[in-house]
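Listing of query-v2.txt, compact mmCIF, C-alpha atoms
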# COMPACT_ATOMS: atom_id res chain seq x y z
CA MET P 1 -11.34 9.93 -18.11
CA THR P 2 -11.13 6.42 -19.54
CA ASP P 3 -12.17 3.41 -17.53
CA THR P 4 -9.38 1.13 -16.35
CA LYS P 5 -8.93 -2.06 -18.39
CA VAL P 6 -6.96 -5.16 -17.46
CA TYR P 7 -5.49 -7.53 -20.06
CA LEU P 8 -3.91 -10.88 -19.21
CA LEU P 9 -0.99 -11.59 -21.55
CA ASP P 10 -0.40 -15.32 -21.94
CA GLY P 11 3.34 -16.00 -21.59
CA GLY P 12 3.54 -19.74 -22.18
CA THR P 13 4.18 -22.55 -19.71
CA LEU P 14 6.90 -24.19 -17.62
CA VAL P 15 7.24 -27.49 -15.76
CA ILE P 16 8.09 -28.16 -12.11
CA ASP P 17 7.63 -31.17 -9.86
CA GLY P 18 4.48 -31.42 -7.79
CA PHE P 19 6.50 -31.54 -4.57
CA HIS P 20 7.80 -28.04 -5.43
CA ALA P 21 4.40 -26.64 -6.33
CA PHE P 22 2.90 -28.10 -3.13
CA TRP P 23 5.76 -28.17 -0.66
CA ASN P 24 6.17 -31.58 1.00
CA ARG P 25 2.63 -32.50 -0.01
CA GLY P 26 2.73 -33.25 -3.71
CA PRO P 27 1.83 -35.52 -5.38
CA ALA P 28 5.14 -35.81 -7.21
CA GLY P 29 5.45 -35.77 -10.97
CA GLU P 30 5.63 -33.15 -13.69
CA LEU P 31 3.24 -30.23 -13.35
CA ARG P 32 2.97 -27.87 -16.32
CA PHE P 33 1.84 -24.43 -15.25
CA PRO P 34 1.08 -21.09 -16.94
CA CYS P 35 2.99 -17.81 -16.77
CA TYR P 36 1.41 -14.49 -17.69
CA ALA P 37 1.78 -10.72 -17.50
CA VAL P 38 -0.91 -8.22 -16.50
CA LEU P 39 -1.40 -5.08 -18.59
CA ILE P 40 -3.38 -2.27 -16.99
CA GLU P 41 -4.71 0.54 -19.18
CA HIS P 42 -5.14 3.43 -16.72
CA LYS P 43 -5.78 7.14 -17.14
CA ASP P 44 -2.28 7.75 -15.75
CA GLY P 45 -0.60 5.45 -18.26
CA ARG P 46 -0.01 1.82 -19.21
CA TYR P 47 1.30 -0.48 -16.49
CA ILE P 48 2.56 -4.06 -16.80
CA PHE P 49 2.68 -6.23 -13.69
CA ASP P 50 5.37 -8.89 -14.25
CA THR P 51 6.69 -9.85 -17.68
CA GLY P 52 6.97 -13.65 -17.67
CA TYR P 53 10.07 -15.60 -18.70
CA ASP P 54 12.56 -15.41 -21.54
CA HIS P 55 12.61 -18.68 -23.50
CA ALA P 56 16.30 -18.47 -24.42
CA HIS P 57 17.29 -17.88 -20.79
CA VAL P 58 15.29 -20.85 -19.52
CA MET P 59 16.72 -23.13 -22.21
CA ARG P 60 20.23 -21.97 -21.33
CA VAL P 61 19.98 -22.08 -17.53
CA LEU P 62 16.89 -24.11 -16.52
CA PRO P 63 16.10 -26.43 -19.47
CA PHE P 64 14.59 -28.99 -17.06
CA GLU P 65 11.60 -26.61 -16.75
CA LYS P 66 10.76 -27.44 -20.40
CA PRO P 67 9.51 -24.04 -21.59
CA LEU P 68 6.77 -23.85 -24.20
CA GLN P 69 6.39 -20.34 -25.58
CA THR P 70 5.31 -19.15 -29.04
CA PRO P 71 6.32 -15.79 -30.54
CA GLU P 72 2.82 -14.50 -29.66
CA GLN P 73 3.52 -15.37 -26.02
CA THR P 74 6.56 -13.09 -25.71
CA ILE P 75 5.98 -9.56 -24.44
CA PRO P 76 6.34 -7.99 -27.92
CA GLY P 77 4.08 -10.64 -29.45
CA ALA P 78 1.43 -10.39 -26.74
CA LEU P 79 1.32 -6.60 -26.95
CA ALA P 80 1.02 -6.75 -30.74
CA LYS P 81 -2.20 -8.74 -30.34
CA ILE P 82 -3.82 -5.66 -28.80
CA GLY P 83 -2.21 -3.16 -31.14
CA LEU P 84 0.60 -1.99 -28.86
CA LYS P 85 4.39 -1.84 -29.03
CA PRO P 86 6.79 -2.35 -26.09
CA THR P 87 7.62 1.36 -26.21
CA ASP P 88 3.96 2.16 -25.46
CA ILE P 89 4.36 0.91 -21.87
CA ASN P 90 4.95 3.59 -19.24
CA TYR P 91 5.55 1.50 -16.11
CA VAL P 92 6.72 -2.02 -15.30
CA ILE P 93 5.82 -3.33 -11.84
CA ASN P 94 7.68 -6.46 -10.78
CA SER P 95 6.17 -8.54 -8.00
CA HIS P 96 9.68 -9.98 -7.53
CA TYR P 97 12.74 -10.73 -9.64
CA HIS P 98 12.58 -14.45 -10.19
CA PHE P 99 13.33 -15.30 -13.83
CA ASP P 100 9.72 -16.17 -14.70
CA HIS P 101 8.45 -12.74 -13.67
CA CYS P 102 11.03 -10.37 -15.21
CA GLY P 103 12.18 -12.04 -18.43
CA GLY P 104 10.33 -9.57 -20.65
CA ASN P 105 11.44 -6.37 -18.90
CA LYS P 106 14.29 -5.84 -21.37
CA HIS P 107 11.77 -5.20 -24.17
CA LEU P 108 10.12 -2.31 -22.30
CA SER P 109 12.90 0.18 -22.82
CA LYS P 110 10.81 3.33 -22.23
CA ALA P 111 9.15 2.18 -19.02
CA CYS P 112 9.96 3.18 -15.45
CA THR P 113 10.37 0.08 -13.29
CA VAL P 114 8.58 -0.03 -9.93
CA CYS P 115 9.54 -2.60 -7.28
CA HIS P 116 10.05 -3.15 -3.57
CA ALA P 117 13.37 -1.76 -2.32
CA LYS P 118 14.20 -5.06 -0.61
CA GLU P 119 13.54 -6.97 -3.82
CA LEU P 120 15.89 -4.91 -5.94
CA GLU P 121 18.59 -5.44 -3.31
CA ALA P 122 17.88 -9.18 -3.17
CA SER P 123 18.27 -9.55 -6.92
CA THR P 124 22.05 -9.27 -6.52
CA LYS P 125 22.45 -10.01 -2.78
CA HIS P 126 20.36 -13.11 -2.24
CA GLN P 127 20.81 -16.40 -0.45
CA PRO P 128 22.77 -19.14 -2.26
CA PHE P 129 19.67 -21.33 -2.50
CA GLU P 130 17.93 -18.54 -4.46
CA HIS P 131 20.54 -18.56 -7.24
CA LEU P 132 18.40 -20.08 -10.01
CA GLY P 133 15.39 -17.97 -9.12
CA TYR P 134 17.42 -14.79 -9.58
CA SER P 135 19.33 -16.08 -12.60
CA ASP P 136 17.93 -13.68 -15.23
CA MET P 137 19.43 -10.24 -14.66
CA THR P 138 18.55 -8.76 -18.06
CA PHE P 139 16.01 -6.51 -16.31
CA ALA P 140 18.95 -4.58 -14.78
CA PRO P 141 22.16 -4.93 -16.86
CA GLN P 142 24.05 -2.26 -14.93
CA LEU P 143 23.31 -3.93 -11.58
CA ALA P 144 24.35 -7.28 -13.04
CA LYS P 145 27.71 -5.92 -14.14
CA GLN P 146 28.31 -4.23 -10.79
CA ALA P 147 27.57 -7.53 -9.03
CA GLY P 148 29.74 -9.53 -11.43
CA LYS P 149 26.78 -11.46 -12.81
CA ALA P 150 26.91 -12.74 -16.35
CA LEU P 151 24.61 -11.41 -19.07
CA PRO P 152 23.78 -13.30 -22.28
CA PRO P 153 26.62 -12.82 -24.78
CA ASP P 154 24.17 -12.86 -27.69
CA GLU P 155 22.24 -9.76 -26.52
CA PRO P 156 24.48 -6.73 -27.18
CA ALA P 157 21.38 -4.50 -27.09
CA LEU P 158 21.48 -4.82 -23.29
CA ASP P 159 24.46 -2.45 -23.33
CA MET P 160 21.99 0.29 -24.33
CA TYR P 161 19.27 -0.73 -21.86
CA THR P 162 19.50 1.39 -18.71
CA PRO P 163 16.15 1.17 -16.91
CA LYS P 164 15.06 3.70 -14.32
CA PHE P 165 13.95 2.16 -11.02
CA GLU P 166 11.48 3.58 -8.53
CA THR P 167 11.70 1.61 -5.29
CA ILE P 168 8.98 1.63 -2.66
CA THR P 169 8.15 -0.13 0.62
CA GLY P 170 4.93 -0.93 2.42
CA ASP P 171 1.44 -1.06 0.92
CA GLN P 172 1.13 1.64 -1.73
CA GLU P 173 -1.61 3.00 -4.00
CA ILE P 174 0.65 3.81 -6.95
CA ALA P 175 -2.22 5.19 -9.05
CA LYS P 176 -5.91 5.57 -8.31
CA GLY P 177 -7.27 2.06 -7.78
CA LEU P 178 -3.89 0.31 -8.25
CA TRP P 179 -2.66 -1.12 -4.98
CA LEU P 180 0.66 -2.86 -4.31
CA LEU P 181 0.36 -5.03 -1.20
CA GLU P 182 3.34 -6.43 0.68
CA THR P 183 3.33 -10.24 0.70
CA PRO P 184 6.90 -11.29 1.62
CA GLY P 185 8.18 -14.79 2.20
CA HIS P 186 8.49 -16.17 -1.30
CA THR P 187 11.15 -13.46 -1.65
CA ALA P 188 12.32 -10.59 0.54
CA GLY P 189 10.33 -7.86 -1.17
CA HIS P 190 7.41 -9.59 -2.83
CA TYR P 191 4.37 -7.55 -3.90
CA SER P 192 0.86 -8.62 -4.90
CA LEU P 193 -1.40 -6.27 -6.87
CA MET P 194 -5.05 -5.27 -6.48
CA VAL P 195 -6.84 -3.42 -9.28
CA GLU P 196 -10.17 -1.67 -8.70
CA LEU P 197 -12.49 -1.63 -11.73
CA LYS P 198 -15.74 0.13 -12.60
CA ASN P 199 -17.83 -2.81 -13.78
CA ARG P 200 -16.71 -5.74 -11.63
CA ARG P 201 -15.26 -6.65 -8.25
CA PRO P 202 -11.55 -5.88 -7.69
CA MET P 203 -8.92 -8.20 -9.16
CA LEU P 204 -6.27 -9.34 -6.66
CA PHE P 205 -3.21 -10.80 -8.36
CA THR P 206 -1.36 -13.00 -5.88
CA ALA P 207 1.85 -13.34 -7.90
CA ASP P 208 3.96 -16.03 -6.25
CA ALA P 209 2.62 -15.45 -2.74
CA CYS P 210 0.15 -18.15 -3.82
CA TYR P 211 0.61 -20.23 -6.96
CA SER P 212 -2.91 -21.61 -7.25
CA GLN P 213 -6.37 -22.08 -5.78
CA LYS P 214 -5.23 -25.56 -4.75
CA ASN P 215 -2.36 -24.04 -2.72
CA MET P 216 -4.86 -21.78 -0.98
CA ASP P 217 -7.31 -24.61 -0.31
CA MET P 218 -4.56 -26.92 0.99
CA ASN P 219 -2.99 -24.12 3.07
CA CYS P 220 0.25 -25.18 1.37
CA ILE P 221 3.00 -22.91 0.02
CA SER P 222 5.44 -23.73 -2.77
CA SER P 223 8.94 -24.95 -2.01
CA PHE P 224 10.57 -21.92 -3.63
CA HIS P 225 10.76 -19.41 -0.78
CA LEU P 226 13.06 -17.35 1.38
CA ASP P 227 10.98 -17.65 4.57
CA PRO P 228 8.28 -20.34 4.77
CA THR P 229 6.61 -18.88 7.85
CA ALA P 230 6.33 -15.45 6.24
CA SER P 231 5.09 -17.12 3.04
CA LEU P 232 2.24 -18.76 4.90
CA LYS P 233 1.34 -15.49 6.64
CA SER P 234 1.24 -13.72 3.28
CA MET P 235 -1.03 -16.37 1.82
CA HIS P 236 -3.37 -15.91 4.78
CA ARG P 237 -3.18 -12.14 4.26
CA LEU P 238 -4.26 -12.50 0.62
CA LYS P 239 -7.28 -14.52 1.65
CA ALA P 240 -8.22 -11.90 4.26
CA LEU P 241 -7.73 -9.04 1.77
CA ALA P 242 -9.93 -10.78 -0.78
CA GLU P 243 -12.68 -11.12 1.80
CA LYS P 244 -12.30 -7.53 3.05
CA HIS P 245 -12.47 -5.98 -0.42
CA ASN P 246 -14.73 -8.57 -2.06
CA ALA P 247 -11.88 -9.11 -4.52
CA GLU P 248 -11.42 -12.03 -6.90
CA LEU P 249 -8.08 -13.82 -6.53
CA PHE P 250 -6.06 -14.39 -9.69
CA TYR P 251 -3.25 -16.89 -9.16
CA SER P 252 0.18 -16.77 -10.80
CA HIS P 253 0.72 -20.39 -11.85
CA ASP P 254 -2.63 -22.19 -11.71
CA PRO P 255 -3.17 -24.74 -14.51
CA ASP P 256 -6.76 -25.28 -13.37
CA SER P 257 -7.86 -21.62 -13.09
CA PHE P 258 -5.91 -20.12 -15.99
CA PRO P 259 -8.01 -21.65 -18.80
CA ASN P 260 -11.04 -19.82 -17.38
CA TYR P 261 -9.34 -16.40 -17.25
CA VAL P 262 -10.10 -13.92 -20.04
CA LYS P 263 -6.90 -13.53 -22.07
CA ALA P 264 -5.91 -10.69 -24.39
CA PRO P 265 -7.20 -9.36 -26.69
CA GLY P 266 -10.14 -9.77 -24.33
CA TYR P 267 -10.05 -7.71 -21.14
CA TYR P 268 -11.65 -6.95 -17.77
CA SER P 269 -13.07 -3.49 -16.97
Would it be possible to restate this file's structure as structure tokens?
Amino acid sequence: MTDTKVYLLDGGTLVIDGFHAFWNRGPAGELRFPCYAVLIEHKDGRYIFDTGYDHAHVMRVLPFEKPLQTPEQTIPGALAKIGLKPTDINYVINSHYHFDHCGGNKHLSKACTVCHAKELEASTKHQPFEHLGYSDMTFAPQLAKQAGKALPPDEPALDMYTPKFETITGDQEIAKGLWLLETPGHTAGHYSLMVELKNRRPMLFTADACYSQKNMDMNCISSFHLDPTASLKSMHRLKALAEKHNAELFYSHDPDSFPNYVKAPGYYS
């Protein structure tokens, strides 16, 4: 039995306004923040939690977010740094289906995709104000076509990409020491992830239930949400879970914390 390892795959950066990162608190002005994927080497297989954004999609649909992403910061490039290919990944877990968390799914053609049942439904049946968040449907081309959503005309390979989905609800231990924890509000079926490791305290990945340590300290959610009250409850739940399990919180879009995280090819174990 091999010990579980966790790699953080740097996926580049995006820009939003401070009033969106810290809803109605700010300060205003451009805030450049990181995006990353989490690779878990487990005895049951290789799991990736979220896959970051696709540069071409952001430039086409959300250019005002000013993406900065090198070839090494794409999913294929990041995996190559640790000697892996996209086809080596067994499972993709998506915290939710906003464009900056699923843009690399299309590269992982051999992986089973795990997500919350409500989130998969919301990806094509969401509120009008969630349109840009759910704008990248390359993670599920067949669903996009059924819903009449456009796919990039310059990616004919998507016609051959037919991912298998495994939908779940509630808190779930999907493999020994890998816990998906319901944290709705940002979206309908949002999941956070806790990973238990042999040589350190558990790692609790908030995903977008909490962008940053500053959000947690200010008790302030981001402006991108389906239900602000549920969002706040989920942020409080993450804090309580971290205390209960003595887990370290890893935030999804924290420009202050991210430089101190160990990035691949380094890892946590």
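Residue nearest P:His253 within the list P:Leu14, P:Leu8, P:Leu181, P:Leu143: P:Leu14 [criterion: smallest interatomic distance, all atoms listed in the file].
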Give me the residues of stretch 149-250 of chain P that have any atom at most 10 Å from an atom of stretch 80-98 of chain P; for each, the nearest atom pair and the distance in Å, rounded to one decimal. Use all atoms listed in the file, sort by chain and number, and format it as a tab-separated table.
residue	atom	partner	partner_atom	distance
P:Lys164	CA	P:Tyr91	CA	9.9
P:Phe165	CA	P:Val92	CA	9.4
P:Glu166	CA	P:Ile93	CA	9.5
P:Leu180	CA	P:Ser95	CA	8.7
P:Leu181	CA	P:Ser95	CA	9.6
P:Glu182	CA	P:Ser95	CA	9.4
P:Thr183	CA	P:Ser95	CA	9.3
P:Pro184	CA	P:His96	CA	9.7
P:His186	CA	P:His96	CA	8.9
P:Thr187	CA	P:His96	CA	7.0
P:Ala188	CA	P:His96	CA	8.5
P:Gly189	CA	P:His96	CA	6.7
P:His190	CA	P:His96	CA	5.2
P:Tyr191	CA	P:Ser95	CA	4.6
P:Ser192	CA	P:Ser95	CA	6.1
P:Leu193	CA	P:Ser95	CA	8.0
P:Phe205	CA	P:Ser95	CA	9.7
P:Thr206	CA	P:Ser95	CA	9.0
P:Ala207	CA	P:Ser95	CA	6.5
P:Asp208	CA	P:Ser95	CA	8.0
P:Ala209	CA	P:Ser95	CA	9.4
Restrict the selected residues to C-alpha atoms and save them as a PDB file, in the frame of the given file.
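Listing of again-v7.pdb after writing:
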ATOM      1  CA  LYS P 164      15.060   3.700 -14.320  1.00  0.00           C
ATOM      2  CA  PHE P 165      13.950   2.160 -11.020  1.00  0.00           C
ATOM      3  CA  GLU P 166      11.480   3.580  -8.530  1.00  0.00           C
ATOM      4  CA  LEU P 180       0.660  -2.860  -4.310  1.00  0.00           C
ATOM      5  CA  LEU P 181       0.360  -5.030  -1.200  1.00  0.00           C
ATOM      6  CA  GLU P 182       3.340  -6.430   0.680  1.00  0.00           C
ATOM      7  CA  THR P 183       3.330 -10.240   0.700  1.00  0.00           C
ATOM      8  CA  PRO P 184       6.900 -11.290   1.620  1.00  0.00           C
ATOM      9  CA  HIS P 186       8.490 -16.170  -1.300  1.00  0.00           C
ATOM     10  CA  THR P 187      11.150 -13.460  -1.650  1.00  0.00           C
ATOM     11  CA  ALA P 188      12.320 -10.590   0.540  1.00  0.00           C
ATOM     12  CA  GLY P 189      10.330  -7.860  -1.170  1.00  0.00           C
ATOM     13  CA  HIS P 190       7.410  -9.590  -2.830  1.00  0.00           C
ATOM     14  CA  TYR P 191       4.370  -7.550  -3.900  1.00  0.00           C
ATOM     15  CA  SER P 192       0.860  -8.620  -4.900  1.00  0.00           C
ATOM     16  CA  LEU P 193      -1.400  -6.270  -6.870  1.00  0.00           C
ATOM     17  CA  PHE P 205      -3.210 -10.800  -8.360  1.00  0.00           C
ATOM     18  CA  THR P 206      -1.360 -13.000  -5.880  1.00  0.00           C
ATOM     19  CA  ALA P 207       1.850 -13.340  -7.900  1.00  0.00           C
ATOM     20  CA  ASP P 208       3.960 -16.030  -6.250  1.00  0.00           C
ATOM     21  CA  ALA P 209       2.620 -15.450  -2.740  1.00  0.00           C
TER      22      ALA P 209
END
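With only C-alpha atoms as the basis for measurement, P:Gly185 is the residue among P:Asn199, P:Leu151, P:Gly185, P:Asn246 that approaches P:Ala230 most closely.
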Once 6 Å is added on each side, what centre and edge lengths in Å to one decimal does the axis-aligned box around all listed atoms of stretch 140-154 of chain P have, as AutoDock Vina command-line options?
--center_x 24.3 --center_y -7.8 --center_z -18.4 --size_x 22.8 --size_y 23.0 --size_z 30.7
**Study point:** Atomic distance atom CA of P:Arg201 - atom CA of P:Glu248, expressed in Å with one decimal
**Key:** 6.7 Å
Exercise for review: Grab the atom CA of P:Gly26 to atom CA of P:Met218 distance for me, in Å with one decimal place.
Suggested key: 10.7 Å
Check your understanding: Taking into account all atoms listed in the file, which residue in the set P:Thr124, P:Ala247, P:Asp136, P:Met216 is nearest to P:Gly148?
Key -> P:Thr124
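Closest approach to P:Phe258 among P:Ala111, P:Ser212, P:Val61, P:Lys125 is made by P:Ser212 (distances from all atoms listed in the file).
Minimum atom-to-atom distances from P:Glu173, P:Glu130, P:Asp227, P:Asp50 to P:Thr113 were compared using only C-alpha atoms, and the lowest value belongs to P:Asp50.
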With 6 Å as the threshold, what does the neighbourhood of (6.3, -1.6, -0.7) contain in terms of residues, counting only C-alpha atoms? Coordinates are those of the file; answer as a short mmCIF file (atom, residue, chain, number, x, y, z; two decimals) with C-alpha atoms, in the frame of the given file.
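Result file follows (out.cif):
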data_model
loop_
_atom_site.label_atom_id
_atom_site.label_comp_id
_atom_site.auth_asym_id
_atom_site.auth_seq_id
_atom_site.Cartn_x
_atom_site.Cartn_y
_atom_site.Cartn_z
CA HIS P 116 10.05 -3.15 -3.57
CA ILE P 168 8.98 1.63 -2.66
CA THR P 169 8.15 -0.13 0.62
CA GLY P 170 4.93 -0.93 2.42
CA ASP P 171 1.44 -1.06 0.92
CA GLU P 182 3.34 -6.43 0.68
#
Practice item. Using all atoms listed in the file, pick whichever of P:Thr138, P:Asn215, P:Ser257, P:Gln73 has the shortest atom-to-atom distance to P:His20. Key: P:Asn215
Exercise for review: Have a look at atom CA of P:Val15 and atom CA of P:Glu65 and let me know their distance in Å, one decimal.
Suggested key: 4.6 Å
Point to revise | Test item: residues at most 10 Å from P:His126, all atoms listed in the file, excluding those fewer than 5 positions along its chain, as a count of residues only | key: 8
